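K.L.:
Got a structure for you, questions after.
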Amino acid sequence: MKPVLASALEKCQVLLEALQNKSQQKHLIFWSQLNPDLKNWNETARGYLKSFDLVQKYRDAKEGSPEAFLYSNSVESCVEFSDKYSLEIKKQEFAELGGLIFLSGLLFVVLRWALRRKNQVRFGILLLVSLSFCAQAKAKSEPILRVYSYDALTGRNSFGEFLSKKFFEKHHVKVQFVSFGTAGEAINQVVLEGSKTKADLLMGLDEVMFRKVQKRDLFHELEPSLSEGLVPDLKKSTTRTFIPFDYGFVSFVYDDSRTAFPKKVSLKTFPEILSAQHKVVIQDPRTSSLGIEFLIWTFEKLNDGAKKFWTALNPHILTVSPGWSGAYELFLRKQADFVISYTTSPAYHRIKEKKESIKPLIFEEGHFRQVEGISVLRSSSQKELASRFIQFVLGEEAQSQLPTYQWMYPARKAVVLPREFQDIPIPKQVTVDWDQISSKKDQWIQDWALMLSQDPK
């Protein structure tokens, strides 16, 4: 029998697990107490390991296919993070060596001094012990807020990086974002960890996912005053445990320089006017907030016509991506003509690339509005500090910068948008019956999966 070879992603996962085990070796534990950054890297590694499970099924995809791209992209991400993680551990080991040299030198000085003053040996020992405890106390006295979120909100040049930097400048508190592939994975991790979770806040959860878990008693009740400066219409989405920080309208995005299409169409007839060559890429409603919102939009708005819609769309679906990032990358690589994103996505291309050809489709029936929120975990021991962070996120400074980081609308009212946002039409918002969504959502997902499993031919 031919042996089953480990995939590149599996190999990288094994490497990450080995690095995690190495970082937990006893000789590093003391020094990581003095410098908690190593713990933060461990938590981020766990998020990476979980997010890669979604794309493991694409390991044998045909070369050049969208599935092969999603797989290779995940492998590259894993390898890049592993290199950084390994470097961080080496830095920690170097710090350990430097610390040992320092303590050895200090011990030598103290012993020489003690030999000269035999009656003060006990004092010298006490001095060494005191220095050790002071170092540990200093590390523990520096608060760290941990935020679980999705990958697009974290990393370099992200809104999370901006928030971390500015909040530290103002309050001298470190904010560490722990990244997951999707918001769904972040909340799943919180549920799995339960009361032992190290997260203080969950950021980027949308209304649909929040309503699914709000009865689990995971979240701390916040002061109503935190939502006073929000856009009035967002009050409907605000609860004592879920505070909106941005919102956007779900839509298909396309490039009119390579795909000719009417600017205004009907959602109901959209699949019918696609040509045989047109391809779309969507997100999986079982893993992606954007995916489940688009699914809800079609079933809620089209009612009995939803199955007809998906049956007609099926032949045009290039692939189903676990999350937004992979789907949008396929669109940018010109493998798909349409991708589910936001009406505000074109603002990115206008500002960053000076490109005017990326457009959203505006549907006559209206659009589903995605609202992203931030919540404090009930298990957090830093609730007051976490509330102060939310206040900062909703403040004028952060909200004025949000559009060009998140490419969404800010939740705070009266924020002046960049000109590139002002030119984008604001669509009509569809109203949804949340009670019906709660009772029928799981069935809709089953119906969707069954329809897409059928041969579109």
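Residues in the structure tokens are named by chain (A, B, ... in the order shown) and by number from 1 within that chain; ligands are numbered from 1 in the order shown.
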Can you tell me, as a count of residues only, which residues in stretch 169-266 of chain A count as strand (DSSP E or B) by DSSP?

P.N.:
30

K.L.:
Write out as a ChimeraX atom specification which residues come within 6 Å of stretch 226-240 of chain A when counting only C-alpha atoms, dropping same-chain ones fewer than 6 positions away.

P.N.:
/A:411-413

K.L.:
What separation in Å, quoted to one decimal, exists between atom CA of A:His278 and atom CA of A:Ser453?

P.N.:
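Interatomic distance, atom CA of A:His278 to atom CA of A:Ser453: 19.8 Å.
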
K.L.:
Tell me which of A:Val339, A:Leu377, A:Val280, A:Val14 sits closest to A:Asn314, counting only C-alpha atoms.

P.N.:
A:Val280

K.L.:
Rounded to one decimal in Å, what is the spacing between atom CA of A:Cys78 and atom CA of A:Ala186?

P.N.:
17.6 Å

K.L.:
Extract, using only C-alpha atoms, all DNA, RNA and protein residues at most 9 Å from stretch 284-287 of chain A, discarding same-chain residues fewer than 5 positions from it, and format them as number ranges by chain.

P.N.:
A: 54, 182-185, 292-295, 320-323, 445

K.L.:
Within 9 Å of A:Lys355, counting only C-alpha atoms, which residues show up once you throw out same-chain ones fewer than 6 positions away? Write them as a PyMOL selection string, please.

P.N.:
chain A and resi 346+348-349

K.L.:
Might you pull out every residue within 9 Å of A:Gly194, with only C-alpha atoms counted and same-chain residues fewer than 5 positions away left off, and present them as number ranges by chain?

P.N.:
A: 189, 218, 379

K.L.:
Determine, counting only C-alpha atoms, which protein, DNA and RNA residues have an atom within 10 Å of an atom of A:Met451; residues of the same chain fewer than 4 positions away are not included. Present the result as a list of chain:residue names.

P.N.:
A:Lys307, A:Lys308, A:Trp310, A:Thr311, A:Asn314, A:Ile445, A:Gln446, A:Asp447, A:Asp455, A:Pro456

K.L.:
Compare A:His316, A:Lys301, A:His220, A:Arg146 by their minimum atom-to-atom distance to A:Glu272, counting only C-alpha atoms, and give me the closest one.

P.N.:
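The shortest atom-to-atom distance to A:Glu272 comes from A:His316.
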
K.L.:
Using only C-alpha atoms, which of A:Phe167, A:Trp444, A:Phe299, A:Tyr58 sits nearest A:Gly395?

P.N.:
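With only C-alpha atoms as the atom set, the closest residue is A:Phe167.
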
K.L.:
Choose the residue, out of A:Thr269, A:Ser325, A:Ser375, A:Thr154, that has the smallest atom-to-atom separation from A:Phe219; count only C-alpha atoms.

P.N.:
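Among the listed residues, A:Ser375 lies closest to A:Phe219.
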
K.L.:
Applying 7 Å and only C-alpha atoms, which residues near A:Gln176 remain after dropping the ones on its own chain fewer than 4 positions away? List them as an mmCIF file with N, CA and C atoms, in the first residue's frame.

P.N.:
data_model
loop_
_atom_site.group_PDB
_atom_site.id
_atom_site.type_symbol
_atom_site.label_atom_id
_atom_site.label_comp_id
_atom_site.auth_asym_id
_atom_site.auth_seq_id
_atom_site.Cartn_x
_atom_site.Cartn_y
_atom_site.Cartn_z
ATOM 1 N N ILE A 144 -2.380 43.817 29.943
ATOM 2 C CA ILE A 144 -2.483 43.500 28.520
ATOM 3 C C ILE A 144 -3.931 43.131 28.222
ATOM 4 N N LEU A 145 -4.539 43.854 27.305
ATOM 5 C CA LEU A 145 -5.884 43.524 26.847
ATOM 6 C C LEU A 145 -5.766 42.593 25.647
ATOM 7 N N ARG A 146 -6.465 41.471 25.686
ATOM 8 C CA ARG A 146 -6.433 40.529 24.573
ATOM 9 C C ARG A 146 -7.762 40.567 23.835
ATOM 10 N N VAL A 147 -7.652 40.728 22.513
ATOM 11 C CA VAL A 147 -8.836 40.840 21.668
ATOM 12 C C VAL A 147 -8.821 39.718 20.639
#
